[in-house]
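To keep things clear, I will list the structure first and then write my remarks on it.
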Amino acid sequence: MSQKKKVLMICLGNICRSPIAEAVFDDKIKKLDLTDQWEVNSAGLIGYHTGKSPDRRAMSILKQKGLTSYSHRARPITVDDFDKYDWIFGMDVQNIQELNKLKPQGSKAIIELLGKYDPQGETIIRDPYYDDDITGFEKAYDQCVRSITAFLQKHKDVE
């Protein structure tokens, strides 16, 4: 059996977008029976929320969409992550810029915008953190579903 491909989802604090993306990716690989080929986690660029659960609105959207078994504690990205993971997905341009600054020379991770794979062309995953309601979280969820589905379709033969 070949080694699993590993994906790390990144946003600023690891309580909104990256946990949603992680939960969606995990759900997709389970439904497609690909858990023997793929592994996913998430982290943040800052450690401000370290140890905290995802935002209640993110968890509410996941629950609404049937992803009820997801749990996560926020953590910051580490230097080791750049060699542990095959892909590190940022949610916006600022995430990508910071990831490229942090990435040690010669590390194996491919750094990309998750939204690069969105068939609707929405390359920036909506940041709903400062919203008053859940609408932005639903949009971020929908963007993650489209992007992750397309990513897995593109890489379905990667083992």
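Going by the structure tokens order, chains are called A, B, ..., each with residues numbered from 1, while ligands are numbered from 1 in the order shown.
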
Can you list, as a PyMOL selection string, every protein, DNA or RNA residue that comes within 9 Å of segment 131-140 of chain A when you count only C-alpha atoms, leaving out same-chain residues fewer than 3 positions away?
chain A and resi 16-17+20-21+57-58+60-62+125-128+143-145

Mind dumping a table of every segment 61-142 of chain A residue within 7 Å of segment 50-53 of chain A, with the nearest atom pair and its distance in Å to one decimal, using only C-alpha atoms, sorted by chain and rising number, as CSV?
residue,atom,partner,partner_atom,distance
A:His72,CA,A:Ser53,CA,5.9
A:Arg73,CA,A:Gly51,CA,4.8
A:Ala74,CA,A:Thr50,CA,4.7
A:Arg75,CA,A:Thr50,CA,4.7
A:Pro76,CA,A:Thr50,CA,6.8

Please write the residues from the selection above to a file, keeping N, CA, C and O atoms, as a PDB file, in the first residue's frame.
ATOM      1  N   HIS A  72     -12.370  19.524  16.667  1.00  0.00           N
ATOM      2  CA  HIS A  72     -11.036  20.053  16.379  1.00  0.00           C
ATOM      3  C   HIS A  72     -10.665  21.053  17.454  1.00  0.00           C
ATOM      4  O   HIS A  72     -11.531  21.717  18.025  1.00  0.00           O
ATOM      5  N   ARG A  73      -9.390  21.173  17.719  1.00  0.00           N
ATOM      6  CA  ARG A  73      -8.844  22.208  18.591  1.00  0.00           C
ATOM      7  C   ARG A  73      -7.838  22.997  17.770  1.00  0.00           C
ATOM      8  O   ARG A  73      -6.949  22.412  17.138  1.00  0.00           O
ATOM      9  N   ALA A  74      -7.990  24.313  17.770  1.00  0.00           N
ATOM     10  CA  ALA A  74      -7.121  25.178  16.975  1.00  0.00           C
ATOM     11  C   ALA A  74      -5.663  25.006  17.381  1.00  0.00           C
ATOM     12  O   ALA A  74      -5.337  24.812  18.551  1.00  0.00           O
ATOM     13  N   ARG A  75      -4.807  25.082  16.357  1.00  0.00           N
ATOM     14  CA  ARG A  75      -3.366  25.019  16.583  1.00  0.00           C
ATOM     15  C   ARG A  75      -2.675  25.875  15.536  1.00  0.00           C
ATOM     16  O   ARG A  75      -3.190  26.068  14.431  1.00  0.00           O
ATOM     17  N   PRO A  76      -1.487  26.375  15.861  1.00  0.00           N
ATOM     18  CA  PRO A  76      -0.735  27.116  14.847  1.00  0.00           C
ATOM     19  C   PRO A  76       0.059  26.158  13.961  1.00  0.00           C
ATOM     20  O   PRO A  76       0.420  25.055  14.376  1.00  0.00           O
TER      21      PRO A  76
END

Contact check, segment 21-135 of chain A to segment 147-151 of chain A, at most 8 Å, counting only C-alpha atoms, closest pairs as a tab-separated table:
residue	atom	partner	partner_atom	distance
A:Ala21	CA	A:Ile148	CA	7.9
A:Val24	CA	A:Ile148	CA	7.6
A:Phe25	CA	A:Ile148	CA	6.3
A:Lys28	CA	A:Thr149	CA	7.4
A:Leu114	CA	A:Ser147	CA	6.3
A:Gly115	CA	A:Ser147	CA	5.7
A:Lys116	CA	A:Ser147	CA	7.3
A:Tyr117	CA	A:Ser147	CA	4.7
A:Asp118	CA	A:Ser147	CA	4.2
A:Pro119	CA	A:Ser147	CA	7.1

Might you pull out every residue within 12 Å of Val7 of chain A, with only C-alpha atoms counted and same-chain residues fewer than 2 positions away left off, and present them as a ChimeraX atom specification?
/A:4-5,9-10,18,21-23,25-26,29,37-43,81-90,108-112,114,148,151-152

Please produce a file of those selected residues containing C-alpha atoms, as a short mmCIF file (atom, residue, chain, number, x, y, z; two decimals), in the first residue's frame.
data_model
loop_
_atom_site.label_atom_id
_atom_site.label_comp_id
_atom_site.auth_asym_id
_atom_site.auth_seq_id
_atom_site.Cartn_x
_atom_site.Cartn_y
_atom_site.Cartn_z
CA LYS A 4 -1.31 8.52 2.22
CA LYS A 5 -1.28 11.99 0.70
CA MET A 9 -5.98 23.56 5.55
CA ILE A 10 -4.83 26.99 6.76
CA SER A 18 -9.78 25.97 7.82
CA ALA A 21 -12.39 22.92 4.92
CA GLU A 22 -10.93 20.13 7.04
CA ALA A 23 -14.38 18.78 7.93
CA PHE A 25 -12.37 17.18 3.04
CA ASP A 26 -12.67 14.48 5.70
CA ILE A 29 -12.79 11.14 1.51
CA GLN A 37 -5.27 7.39 0.38
CA TRP A 38 -5.83 10.80 2.00
CA GLU A 39 -5.43 12.48 5.37
CA VAL A 40 -6.43 16.02 6.35
CA ASN A 41 -5.85 18.43 9.21
CA SER A 42 -6.02 22.19 9.75
CA ALA A 43 -4.03 24.90 11.48
CA ASP A 81 4.14 20.84 8.73
CA PHE A 82 5.88 21.94 5.53
CA ASP A 83 7.48 18.50 5.25
CA LYS A 84 4.70 16.47 6.84
CA TYR A 85 2.02 17.62 4.38
CA ASP A 86 1.94 17.26 0.59
CA TRP A 87 -0.44 20.21 0.08
CA ILE A 88 -0.99 23.20 2.29
CA PHE A 89 -4.06 25.18 1.27
CA GLY A 90 -4.51 28.81 2.23
CA LYS A 108 7.99 19.31 0.05
CA ALA A 109 4.60 20.98 0.61
CA ILE A 110 2.80 22.49 -2.36
CA ILE A 111 1.22 25.77 -1.25
CA GLU A 112 -1.95 26.74 -3.09
CA LEU A 114 -7.92 26.10 -2.00
CA ILE A 148 -12.40 20.10 -2.50
CA PHE A 151 -9.33 18.91 -6.14
CA LEU A 152 -10.11 15.28 -5.34
#

I'd like to know which residues of segment 7-62 of chain A are strand (DSSP E or B) (by DSSP, run on the backbone); could you write them as a VMD selection string?
chain A and resid 7 to 11 38 to 44

Residues of the last selection are to be written out with C-alpha atoms, as a PDB file, in the first residue's frame.
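For reference, out30.pdb as written:
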ATOM      1  CA  VAL A   7      -3.452  17.927   3.172  1.00  0.00           C
ATOM      2  CA  LEU A   8      -3.336  20.832   5.641  1.00  0.00           C
ATOM      3  CA  MET A   9      -5.980  23.564   5.547  1.00  0.00           C
ATOM      4  CA  ILE A  10      -4.830  26.992   6.756  1.00  0.00           C
ATOM      5  CA  CYS A  11      -6.566  30.227   7.690  1.00  0.00           C
ATOM      6  CA  TRP A  38      -5.830  10.805   1.997  1.00  0.00           C
ATOM      7  CA  GLU A  39      -5.428  12.484   5.368  1.00  0.00           C
ATOM      8  CA  VAL A  40      -6.427  16.016   6.346  1.00  0.00           C
ATOM      9  CA  ASN A  41      -5.855  18.431   9.214  1.00  0.00           C
ATOM     10  CA  SER A  42      -6.023  22.185   9.754  1.00  0.00           C
ATOM     11  CA  ALA A  43      -4.031  24.899  11.481  1.00  0.00           C
ATOM     12  CA  GLY A  44      -3.782  28.648  11.741  1.00  0.00           C
TER      13      GLY A  44
END

Can you tell me how far atom CA of Met59 of chain A sits from atom CA of Tyr141 of chain A, in Å to one decimal?
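Atom CA of Met59 of chain A sits 10.8 Å away from atom CA of Tyr141 of chain A.
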
For Leu102 of chain A, find every residue with an atom within 10 Å (counting only C-alpha atoms), except residues of its own chain fewer than 5 positions away, and show them as a list in words.
Leu45, Ile77, Thr78, Val79, Phe82, Ile96 and Gln97 of chain A

Using only C-alpha atoms, which of A:Tyr129, A:Gln105, A:Asn95, A:Lys154 sits nearest Arg56 of chain A?
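For Arg56 of chain A, the nearest of the given residues is A:Tyr129.
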
Name the closest residue to His49 of chain A among the candidates A:Lys31, A:Gly13, A:Lys63, A:His155; distances are taken between atoms, counting only C-alpha atoms.
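Once distances to His49 of chain A are computed over only C-alpha atoms, the minimum belongs to A:Gly13.
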
Could you pull out all residues of segment 66-102 of chain A with a DSSP call of alpha helix (DSSP H) and give them as a PyMOL selection string?
chain A and resi 81-84+93-102

Would you save the residues of that selection, restricted to N, CA, C and O atoms, as a PDB file, in the first residue's frame?
ATOM      1  N   ASP A  81       5.302  21.068   9.608  1.00  0.00           N
ATOM      2  CA  ASP A  81       4.141  20.841   8.734  1.00  0.00           C
ATOM      3  C   ASP A  81       4.510  20.946   7.259  1.00  0.00           C
ATOM      4  O   ASP A  81       3.894  20.297   6.410  1.00  0.00           O
ATOM      5  N   PHE A  82       5.512  21.739   6.929  1.00  0.00           N
ATOM      6  CA  PHE A  82       5.885  21.940   5.531  1.00  0.00           C
ATOM      7  C   PHE A  82       6.532  20.692   4.917  1.00  0.00           C
ATOM      8  O   PHE A  82       6.614  20.574   3.699  1.00  0.00           O
ATOM      9  N   ASP A  83       6.977  19.775   5.752  1.00  0.00           N
ATOM     10  CA  ASP A  83       7.484  18.495   5.254  1.00  0.00           C
ATOM     11  C   ASP A  83       6.531  17.347   5.527  1.00  0.00           C
ATOM     12  O   ASP A  83       6.569  16.328   4.857  1.00  0.00           O
ATOM     13  N   LYS A  84       5.666  17.519   6.497  1.00  0.00           N
ATOM     14  CA  LYS A  84       4.702  16.471   6.842  1.00  0.00           C
ATOM     15  C   LYS A  84       3.571  16.399   5.809  1.00  0.00           C
ATOM     16  O   LYS A  84       3.070  15.326   5.501  1.00  0.00           O
ATOM     17  N   VAL A  93      -5.235  35.286  -0.259  1.00  0.00           N
ATOM     18  CA  VAL A  93      -3.917  35.704  -0.742  1.00  0.00           C
ATOM     19  C   VAL A  93      -2.966  35.990   0.421  1.00  0.00           C
ATOM     20  O   VAL A  93      -1.784  35.637   0.376  1.00  0.00           O
ATOM     21  N   GLN A  94      -3.466  36.610   1.487  1.00  0.00           N
ATOM     22  CA  GLN A  94      -2.618  36.904   2.642  1.00  0.00           C
ATOM     23  C   GLN A  94      -2.105  35.604   3.274  1.00  0.00           C
ATOM     24  O   GLN A  94      -0.949  35.526   3.689  1.00  0.00           O
ATOM     25  N   ASN A  95      -2.970  34.575   3.349  1.00  0.00           N
ATOM     26  CA  ASN A  95      -2.535  33.269   3.862  1.00  0.00           C
ATOM     27  C   ASN A  95      -1.394  32.726   3.017  1.00  0.00           C
ATOM     28  O   ASN A  95      -0.388  32.242   3.543  1.00  0.00           O
ATOM     29  N   ILE A  96      -1.535  32.805   1.717  1.00  0.00           N
ATOM     30  CA  ILE A  96      -0.518  32.273   0.801  1.00  0.00           C
ATOM     31  C   ILE A  96       0.796  33.034   0.959  1.00  0.00           C
ATOM     32  O   ILE A  96       1.874  32.437   1.010  1.00  0.00           O
ATOM     33  N   GLN A  97       0.712  34.348   1.045  1.00  0.00           N
ATOM     34  CA  GLN A  97       1.926  35.153   1.224  1.00  0.00           C
ATOM     35  C   GLN A  97       2.650  34.759   2.506  1.00  0.00           C
ATOM     36  O   GLN A  97       3.867  34.581   2.517  1.00  0.00           O
ATOM     37  N   GLU A  98       1.910  34.602   3.586  1.00  0.00           N
ATOM     38  CA  GLU A  98       2.518  34.237   4.870  1.00  0.00           C
ATOM     39  C   GLU A  98       3.072  32.819   4.828  1.00  0.00           C
ATOM     40  O   GLU A  98       4.158  32.555   5.346  1.00  0.00           O
ATOM     41  N   LEU A  99       2.346  31.902   4.215  1.00  0.00           N
ATOM     42  CA  LEU A  99       2.834  30.522   4.096  1.00  0.00           C
ATOM     43  C   LEU A  99       4.142  30.464   3.306  1.00  0.00           C
ATOM     44  O   LEU A  99       5.065  29.735   3.670  1.00  0.00           O
ATOM     45  N   ASN A 100       4.209  31.240   2.234  1.00  0.00           N
ATOM     46  CA  ASN A 100       5.442  31.265   1.431  1.00  0.00           C
ATOM     47  C   ASN A 100       6.619  31.850   2.209  1.00  0.00           C
ATOM     48  O   ASN A 100       7.758  31.439   2.014  1.00  0.00           O
ATOM     49  N   LYS A 101       6.358  32.800   3.107  1.00  0.00           N
ATOM     50  CA  LYS A 101       7.412  33.348   3.962  1.00  0.00           C
ATOM     51  C   LYS A 101       7.884  32.311   4.980  1.00  0.00           C
ATOM     52  O   LYS A 101       9.068  32.237   5.296  1.00  0.00           O
ATOM     53  N   LEU A 102       6.945  31.538   5.511  1.00  0.00           N
ATOM     54  CA  LEU A 102       7.247  30.555   6.559  1.00  0.00           C
ATOM     55  C   LEU A 102       7.869  29.275   6.022  1.00  0.00           C
ATOM     56  O   LEU A 102       8.583  28.580   6.748  1.00  0.00           O
TER      57      LEU A 102
END

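When atom CA of Pro104 of chain A is paired with atom CA of Met91 of chain A, their separation reads 20.1 Å.
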